[in-house]
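Undergrad: Have a look at this one.
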Amino acid sequence: MTRRRPGRTGLLAAVILGAVCLVWAPALIAIPYTRGPGGVHDVWQRPDQGWKFLVDAITESRHPQLGTSQAALQRAQELWGGPPASARRVTLTWTDGSFRVPVPPHGKVPGRNNRIAAPVAAMEWVVDGRVNGGPEQMVGMLDYATGRPTWDIRNRVRAAS
């Protein structure tokens with residue numbers, strides 16, 4: 001039995017499929033890291049963003065202080081361990097600069113000078129929890145590399161009336 005060699009059409013289809021995978025594969029990897037507050041937008045529509053994510057992830061993942069979600073949650077619970085704010089979960093987020101802190105209905109509104117979070121690096125741990133027993137909301141942000149807090153809701157939180 002003789003083996004048939006792929007024709008030009010098959011080879012062209014394989015090259016096109018390979019190119020599409022090469023271009024969008026990093027975007028698929030990046031998407032889960034863009035879902036938190038302040039996450040990079042339009043990763044799927046702009047495949048170059050996926051490649052930028054890979055560069056940022058590789059650059060920042062060299063000896064991070066908070067390299068796992070367990071380490072980040074433990075650090076968050078040390079910093080936001082009780083009244084008024086209690087940390088409940090952390091999300092590693094690929095950020096692209098300052099963003100307005102989201103506030104859920106009936107959540108605590110940060111003070112006027114504290115409504116914008118300014119990440120110091122591309123990868124940050126967004127800390128969600130509760131403030132004075134209210135709904136779950138963003139209560140802080142930790143730097144992935146150093147473990148230092150980069151935003152804290154307790155700074156200038158508006159007092160309940």
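If you're wondering about the labels, chains in the structure tokens are A, B, ... by order shown, residues count from 1 in each chain, ligands from 1 in order shown.
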Skipping near chain neighbours, those fewer than 5 positions away, what residues fall within 9 Å of Asp56 of chain A using only C-alpha atoms, listed as a list in words?
TA: Trp51, Ser61, Trp94, Ala122 and Met123 of chain A
Undergrad: Those same residues - C-alpha atoms - I'd like them written as a PDB file, in the first residue's frame.
TA:
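Generated file (again32.pdb):
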```pdb
ATOM      1  CA  TRP A  51       1.925  37.830  23.918  1.00  0.00           C
ATOM      2  CA  SER A  61       7.141  35.066  38.079  1.00  0.00           C
ATOM      3  CA  TRP A  94      -3.118  40.846  35.034  1.00  0.00           C
ATOM      4  CA  ALA A 122       1.359  43.957  35.864  1.00  0.00           C
ATOM      5  CA  MET A 123       0.436  41.024  38.144  1.00  0.00           C
TER       6      MET A 123
END
```
Undergrad: Taking only residues of segment 72-127 of chain A that have an atom at most 12 Å from an atom of segment 13-33 of chain A, what is each one's shortest atom pair and its distance in Å to one decimal, using only C-alpha atoms, in chain and number order, as CSV?
TA:
```
residue,atom,partner,partner_atom,distance
A:Val90,CA,A:Tyr33,CA,11.8
A:Thr91,CA,A:Tyr33,CA,8.1
A:Leu92,CA,A:Tyr33,CA,6.2
A:Thr93,CA,A:Tyr33,CA,4.8
A:Trp94,CA,A:Tyr33,CA,5.4
A:Thr95,CA,A:Tyr33,CA,8.6
A:Asp96,CA,A:Tyr33,CA,11.6
A:Ala122,CA,A:Tyr33,CA,10.7
A:Met123,CA,A:Tyr33,CA,8.7
A:Glu124,CA,A:Tyr33,CA,9.8
A:Trp125,CA,A:Tyr33,CA,10.2
A:Val126,CA,A:Tyr33,CA,10.8
```
Undergrad: Please identify the strand (DSSP E) residues within segment 30-119 of chain A (assignment by DSSP from backbone atoms) and present them as a list in words.
TA: Gly81, Gly82, Ala85, Ser86, Ala87, Arg88, Arg89, Val90, Thr91, Leu92, Thr93, Trp94, Phe99, Arg100, Ile116 and Ala117 of chain A
Undergrad: Go ahead and save the residues from that selection, with C-alpha atoms, as a tab-separated table (two decimals), in the first residue's frame.
TA:
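Result went into part-v4.tsv, see below:
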```tsv
chain	number	residue	atom	x	y	z
A	81	GLY	CA	-8.10	39.64	59.36
A	82	GLY	CA	-10.99	41.29	61.07
A	85	ALA	CA	-12.35	44.28	56.70
A	86	SER	CA	-12.01	40.50	56.43
A	87	ALA	CA	-10.29	38.80	53.47
A	88	ARG	CA	-12.05	35.76	52.01
A	89	ARG	CA	-10.44	35.08	48.63
A	90	VAL	CA	-7.70	36.25	46.27
A	91	THR	CA	-7.54	36.41	42.48
A	92	LEU	CA	-4.32	36.84	40.52
A	93	THR	CA	-5.10	39.56	37.99
A	94	TRP	CA	-3.12	40.85	35.03
A	99	PHE	CA	-8.75	51.46	37.75
A	100	ARG	CA	-11.86	52.53	39.63
A	116	ILE	CA	-8.81	54.48	42.35
A	117	ALA	CA	-6.49	51.49	42.78
```
Undergrad: Considering only C-alpha atoms, state which residue in the set A:Val139, A:Leu66, A:Val120, A:Val101 is at the smallest distance from Pro37 of chain A.
TA: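 Nearest candidate to Pro37 of chain A out of A:Val139, A:Leu66, A:Val120, A:Val101: A:Val101.
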Undergrad: Could you go through segment 20-88 of chain A and tell me which residues DSSP, when run on the backbone, assigns to alpha helix (DSSP H), listing them as an NGL selection string?
TA: :A and (20-30 or 47-60 or 69-79)
Undergrad: Please dump the current selection as a tab-separated table (two decimals), in the first residue's frame; keep N, CA, C and O atoms.
TA:
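The resulting selection_16.tsv:
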```tsv
chain	number	residue	atom	x	y	z
A	20	VAL	N	-2.94	30.43	13.19
A	20	VAL	CA	-4.04	30.90	14.05
A	20	VAL	C	-3.80	30.47	15.49
A	20	VAL	O	-3.95	31.27	16.42
A	21	CYS	N	-3.39	29.22	15.68
A	21	CYS	CA	-3.11	28.73	17.04
A	21	CYS	C	-1.95	29.49	17.66
A	21	CYS	O	-2.00	29.86	18.84
A	22	LEU	N	-0.92	29.75	16.89
A	22	LEU	CA	0.24	30.48	17.38
A	22	LEU	C	-0.12	31.90	17.80
A	22	LEU	O	0.35	32.40	18.81
A	23	VAL	N	-0.99	32.53	17.03
A	23	VAL	CA	-1.37	33.91	17.32
A	23	VAL	C	-2.29	33.99	18.54
A	23	VAL	O	-2.09	34.83	19.42
A	24	TRP	N	-3.29	33.12	18.65
A	24	TRP	CA	-4.29	33.26	19.71
A	24	TRP	C	-4.06	32.39	20.94
A	24	TRP	O	-4.71	32.58	21.97
A	25	ALA	N	-3.14	31.45	20.91
A	25	ALA	CA	-2.91	30.60	22.08
A	25	ALA	C	-2.54	31.41	23.33
A	25	ALA	O	-3.09	31.17	24.41
A	26	PRO	N	-1.65	32.40	23.25
A	26	PRO	CA	-1.35	33.19	24.44
A	26	PRO	C	-2.57	33.95	24.97
A	26	PRO	O	-2.71	34.12	26.19
A	27	ALA	N	-3.46	34.39	24.09
A	27	ALA	CA	-4.67	35.08	24.54
A	27	ALA	C	-5.54	34.13	25.35
A	27	ALA	O	-6.13	34.53	26.37
A	28	LEU	N	-5.63	32.88	24.92
A	28	LEU	CA	-6.41	31.89	25.68
A	28	LEU	C	-5.82	31.67	27.06
A	28	LEU	O	-6.56	31.48	28.04
A	29	ILE	N	-4.50	31.69	27.16
A	29	ILE	CA	-3.84	31.53	28.45
A	29	ILE	C	-4.10	32.75	29.33
A	29	ILE	O	-4.30	32.64	30.53
A	30	ALA	N	-4.11	33.94	28.74
A	30	ALA	CA	-4.24	35.19	29.50
A	30	ALA	C	-5.65	35.45	30.02
A	30	ALA	O	-5.80	36.08	31.08
A	47	PRO	N	-4.75	39.89	19.78
A	47	PRO	CA	-3.85	38.79	20.13
A	47	PRO	C	-2.46	39.24	20.59
A	47	PRO	O	-1.79	38.51	21.32
A	48	ASP	N	-2.04	40.44	20.22
A	48	ASP	CA	-0.75	40.93	20.70
A	48	ASP	C	-0.76	41.08	22.23
A	48	ASP	O	0.28	40.95	22.88
A	49	GLN	N	-1.95	41.32	22.81
A	49	GLN	CA	-2.06	41.41	24.27
A	49	GLN	C	-1.71	40.07	24.93
A	49	GLN	O	-1.14	40.05	26.01
A	50	GLY	N	-2.08	38.98	24.28
A	50	GLY	CA	-1.74	37.66	24.82
A	50	GLY	C	-0.23	37.46	24.91
A	50	GLY	O	0.28	36.92	25.89
A	51	TRP	N	0.47	37.92	23.91
A	51	TRP	CA	1.92	37.83	23.92
A	51	TRP	C	2.51	38.74	24.99
A	51	TRP	O	3.48	38.39	25.66
A	52	LYS	N	1.92	39.92	25.18
A	52	LYS	CA	2.37	40.82	26.24
A	52	LYS	C	2.15	40.17	27.60
A	52	LYS	O	2.99	40.29	28.50
A	53	PHE	N	1.03	39.47	27.76
A	53	PHE	CA	0.78	38.75	29.00
A	53	PHE	C	1.88	37.74	29.28
A	53	PHE	O	2.39	37.64	30.40
A	54	LEU	N	2.25	36.96	28.27
A	54	LEU	CA	3.30	35.96	28.47
A	54	LEU	C	4.60	36.61	28.93
A	54	LEU	O	5.27	36.10	29.83
A	55	VAL	N	4.96	37.71	28.32
A	55	VAL	CA	6.19	38.41	28.71
A	55	VAL	C	6.07	38.90	30.16
A	55	VAL	O	6.98	38.69	30.97
A	56	ASP	N	4.93	39.52	30.51
A	56	ASP	CA	4.73	40.00	31.89
A	56	ASP	C	4.75	38.84	32.88
A	56	ASP	O	5.35	38.94	33.95
A	57	ALA	N	4.07	37.76	32.54
A	57	ALA	CA	4.00	36.61	33.46
A	57	ALA	C	5.38	36.00	33.69
A	57	ALA	O	5.74	35.67	34.82
A	58	ILE	N	6.14	35.85	32.64
A	58	ILE	CA	7.49	35.28	32.79
A	58	ILE	C	8.38	36.22	33.58
A	58	ILE	O	9.12	35.81	34.48
A	59	THR	N	8.30	37.50	33.26
A	59	THR	CA	9.14	38.49	33.95
A	59	THR	C	8.82	38.56	35.43
A	59	THR	O	9.73	38.59	36.26
A	60	GLU	N	7.55	38.58	35.78
A	60	GLU	CA	7.17	38.75	37.18
A	60	GLU	C	7.16	37.46	37.99
A	60	GLU	O	7.09	37.51	39.21
A	69	SER	N	-1.78	30.93	45.32
A	69	SER	CA	-2.99	31.52	45.88
A	69	SER	C	-3.06	31.28	47.39
A	69	SER	O	-3.58	32.11	48.13
A	70	GLN	N	-2.52	30.14	47.86
A	70	GLN	CA	-2.52	29.87	49.30
A	70	GLN	C	-1.66	30.88	50.05
A	70	GLN	O	-2.05	31.40	51.09
A	71	ALA	N	-0.47	31.18	49.51
A	71	ALA	CA	0.41	32.16	50.15
A	71	ALA	C	-0.24	33.54	50.13
A	71	ALA	O	-0.18	34.29	51.12
A	72	ALA	N	-0.87	33.88	49.01
A	72	ALA	CA	-1.53	35.19	48.90
A	72	ALA	C	-2.71	35.30	49.85
A	72	ALA	O	-2.90	36.34	50.50
A	73	LEU	N	-3.51	34.24	49.96
A	73	LEU	CA	-4.66	34.28	50.87
A	73	LEU	C	-4.20	34.37	52.32
A	73	LEU	O	-4.77	35.12	53.11
A	74	GLN	N	-3.15	33.65	52.66
A	74	GLN	CA	-2.63	33.73	54.02
A	74	GLN	C	-2.15	35.14	54.34
A	74	GLN	O	-2.48	35.69	55.39
A	75	ARG	N	-1.44	35.76	53.41
A	75	ARG	CA	-0.97	37.14	53.60
A	75	ARG	C	-2.16	38.09	53.70
A	75	ARG	O	-2.19	38.98	54.54
A	76	ALA	N	-3.16	37.90	52.84
A	76	ALA	CA	-4.35	38.75	52.86
A	76	ALA	C	-5.08	38.64	54.19
A	76	ALA	O	-5.54	39.64	54.75
A	77	GLN	N	-5.19	37.42	54.71
A	77	GLN	CA	-5.89	37.23	55.98
A	77	GLN	C	-5.10	37.80	57.16
A	77	GLN	O	-5.68	38.18	58.16
A	78	GLU	N	-3.77	37.89	57.02
A	78	GLU	CA	-2.97	38.57	58.04
A	78	GLU	C	-3.26	40.07	58.03
A	78	GLU	O	-3.37	40.69	59.08
A	79	LEU	N	-3.36	40.63	56.84
A	79	LEU	CA	-3.55	42.07	56.70
A	79	LEU	C	-5.01	42.50	56.91
A	79	LEU	O	-5.27	43.56	57.47
```
Undergrad: Using only C-alpha atoms, which residue out of A:Gly111, A:Gly39, A:Val131, A:Asp152 lies closest to Ser98 of chain A?
TA: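 Between A:Gly111, A:Gly39, A:Val131, A:Asp152, the residue approaching Ser98 of chain A most closely is A:Gly39.
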Undergrad: Excluding same-chain residues fewer than 4 positions from Gly134 of chain A, what lies within 10 Å of it counting only C-alpha atoms, as a list in words?
TA: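 Within the cut-off, the hits are Pro84, Ala85, Pro104, Pro105, His106, Gly107, Lys108, Gly129 and Arg130 of chain A.
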Undergrad: Suppose you want the space between atom CA of Pro135 of chain A and atom CA of Gly67 of chain A; what is it in Å?
TA: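 Going from atom CA of Pro135 of chain A over to atom CA of Gly67 of chain A, I get 27.7 Å.
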Undergrad: Which one is closest to Pro102 of chain A: A:Thr68, A:Ala121, A:Asp143, A:Gly36? Count only C-alpha atoms.
TA: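 For Pro102 of chain A, the nearest of the given residues is A:Gly36.
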